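Student: Pasting in a structure now, in structure tokens, and then I'll have a few things to ask.
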Amino acid sequence: MRGLRHSATVTSPHLSASTLDVQWAGEPLQLLPERALWWPGERVLFIADLHIGKAATYRALGQPVPGGTTQENLSRLDALIVRHAPLHIVFLGDFLHAVQARTPQVLAALAAWRDTHTAIAMTLVRGNHDSRAGGPPAALRIEVVDEPFLLGPFACCHHPQSHATHFVLAGHLHPVCRLYGPGRDSVRLPCFVSDAQQAVLPAFGEFTGGWLMEKAPGRRFHAVGGETVWALPPAD
């Protein structure tokens, strides 16, 4: 697949703002540098592709990868919860990475995390990894639903797709874009990608890869770098 290639330099005049305001389906939303989406009108936080326990899965398969990613992901979620006080968190698929992720350590960390946020409703839209790993333990009190999960004007999905009546919010692709600087310098950054009736969120999980997205007519890219989200100029 031919990837998107932007000619913009890595530095940007939009770097003064840490979040980016957008309007999708007529609703004001915020793209967060933590690679999450905030719907302030309904106090809903959208998280795509958490992939809890991915590092543990690799270690179970004999791959020498570092630990600590589960706690790092949960700590980042904690920070978002403190900042925004959501009433509802919607996970857009791939909450657990695999069956091997269900280690006592990972499950204990999840239970302790959930016990500190008992007042928040949580919904998981089942993704392809969830189908293999199984749903979160019942004690976590996370409702598991199939896509599309309709919430206001949004169709919450894992896989990007079209919907006849609702604006689709999806994950799955772990979208990234490439920016070019002076000379031969370039950098890949996670990004939000939006079309007329659909948006794809970047992966929230720390230990995830990325898919270089193609440009398309009317498609917009919003890069995440450091503590900032900014709109990219039109691609060449």
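For the structure tokens, the naming scheme is as follows: chains receive sequential letters (A, B, ...) according to their order of presentation, residues are indexed from 1 within each chain, and ligands are indexed from 1 in presentation order.
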Pick out the residues sitting within 9 Å of His222 of chain A, and hand them over as a PyMOL selection string; count only C-alpha atoms, and ignore anything fewer than 4 positions along from it in its own chain.

Tutor: chain A and resi 20+31+177+190-194+229-232

Student: For segment 81-86 of chain A, find every residue with an atom within 9 Å (counting only C-alpha atoms), except residues of its own chain fewer than 4 positions away, and show them as an mmCIF file with N, CA and C atoms, in the first residue's frame.

Tutor:
```
data_model
loop_
_atom_site.group_PDB
_atom_site.id
_atom_site.type_symbol
_atom_site.label_atom_id
_atom_site.label_comp_id
_atom_site.auth_asym_id
_atom_site.auth_seq_id
_atom_site.Cartn_x
_atom_site.Cartn_y
_atom_site.Cartn_z
ATOM 1 N N TRP A 38 -12.100 12.911 23.502
ATOM 2 C CA TRP A 38 -12.961 13.380 24.583
ATOM 3 C C TRP A 38 -14.192 14.066 23.994
ATOM 4 N N PRO A 40 -16.859 16.267 25.419
ATOM 5 C CA PRO A 40 -17.189 17.003 26.638
ATOM 6 C C PRO A 40 -18.687 17.150 26.876
ATOM 7 N N GLU A 42 -21.072 15.075 26.618
ATOM 8 C CA GLU A 42 -21.643 13.930 27.326
ATOM 9 C C GLU A 42 -20.665 13.318 28.319
ATOM 10 N N ARG A 43 -19.478 13.912 28.425
ATOM 11 C CA ARG A 43 -18.427 13.436 29.325
ATOM 12 C C ARG A 43 -18.096 11.964 29.075
ATOM 13 N N VAL A 44 -17.828 11.687 27.787
ATOM 14 C CA VAL A 44 -17.461 10.337 27.359
ATOM 15 C C VAL A 44 -16.029 10.368 26.846
ATOM 16 N N LEU A 45 -15.236 9.401 27.284
ATOM 17 C CA LEU A 45 -13.855 9.237 26.840
ATOM 18 C C LEU A 45 -13.789 8.003 25.947
ATOM 19 N N ARG A 76 -1.697 6.222 32.517
ATOM 20 C CA ARG A 76 -2.124 7.235 31.552
ATOM 21 C C ARG A 76 -3.638 7.391 31.562
ATOM 22 N N LEU A 77 -4.342 6.263 31.695
ATOM 23 C CA LEU A 77 -5.801 6.340 31.835
ATOM 24 C C LEU A 77 -6.197 7.080 33.111
ATOM 25 N N HIS A 117 -12.157 3.358 40.247
ATOM 26 C CA HIS A 117 -13.031 4.116 39.340
ATOM 27 C C HIS A 117 -14.399 3.457 39.244
ATOM 28 N N ILE A 120 -17.565 5.066 37.243
ATOM 29 C CA ILE A 120 -17.534 5.307 35.800
ATOM 30 C C ILE A 120 -18.109 4.102 35.059
ATOM 31 N N ALA A 121 -19.083 4.336 34.195
ATOM 32 C CA ALA A 121 -19.577 3.277 33.317
ATOM 33 C C ALA A 121 -18.514 2.969 32.268
#
```

Student: At a cut-off of 6 Å, using only C-alpha atoms, what residues contact Thr228 of chain A? Leave out same-chain residues fewer than 4 positions from it and give the result as an MDAnalysis selection string.

Tutor: chainID A and resid 18:19 33 224

Student: Those residues you just picked out, can you put them in a file as a compact mmCIF listing (two decimals), in the first residue's frame with N, CA and C atoms?

Tutor:
```txt
# COMPACT_ATOMS: atom_id res chain seq x y z
N SER A 18 -2.26 22.08 23.26
CA SER A 18 -1.98 20.69 23.61
C SER A 18 -3.06 19.75 23.09
N THR A 19 -4.29 20.24 22.96
CA THR A 19 -5.38 19.43 22.41
C THR A 19 -5.87 20.11 21.14
N PRO A 33 -3.64 14.55 23.31
CA PRO A 33 -2.29 14.06 23.02
C PRO A 33 -2.00 12.70 23.63
N VAL A 224 -0.05 13.40 16.43
CA VAL A 224 0.20 13.46 17.86
C VAL A 224 1.71 13.40 18.07
```

Student: Which residues come within 10 Å of Gln71 of chain A, counting only C-alpha atoms, excluding same-chain residues fewer than 3 positions away, as a PyMOL selection string?

Tutor: chain A and resi 52-53+67-68+74-77+106+109-110+113

Student: Here is a test: counting only C-alpha atoms, which residue of A:Cys157, A:Leu96, A:Met122, A:Ala164 is nearest to Pro136 of chain A?

Tutor: A:Leu96

Student: Mind the document's chain letters and residue numbers, and return as JSON, numbers by chain the residues of segment 56-204 of chain A that DSSP labels strand (DSSP E).

Tutor: {"A": [88, 89, 90, 91, 121, 122, 123, 124, 125, 143, 144, 145, 149, 150, 151, 154, 155, 156, 167, 168, 169, 170, 175, 176, 177, 178, 179, 180, 186, 187, 188, 189, 190, 191, 192, 193, 194, 195, 198, 199, 200]}

Student: Mind checking which residues fall within 10 Å of Phe149 of chain A, counting only C-alpha atoms, ignoring those fewer than 2 positions away in the same chain, and posting them as a list of chain:residue names?

Tutor: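 Using only C-alpha atoms, the neighbours found are A:Val90, A:Leu92, A:Thr123, A:Leu124, A:Val125, A:Arg126, A:Val144, A:Val145, A:Asp146, A:Glu147, A:Leu151, A:Gly152, A:Phe154, A:Ala155, A:Cys156, A:Cys157, A:His158, A:Val168, A:Leu169.
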
Student: Just want the 9 Å neighbourhood of Ala196 of chain A, counted on only C-alpha atoms, with same-chain residues fewer than 5 positions away dropped. Output as a list in words.

Tutor: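 Here the answer would be Trp24, Phe167, Gly218 and Arg219 of chain A.
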
Student: Pick from A:His159, A:Arg178, A:Arg114, A:Arg184: nearest to Asn128 of chain A, with only C-alpha atoms counted?

Tutor: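 Looking at the shortest contact to Asn128 of chain A, the residue is A:His159.
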
Student: Apply DSSP to the structure's backbone, then extract all residues of segment 81-217 of chain A labelled helix (DSSP H, G or I) and return them as a PyMOL selection string.

Tutor: chain A and resi 81-84+99-101+104-115+128-133+138-140
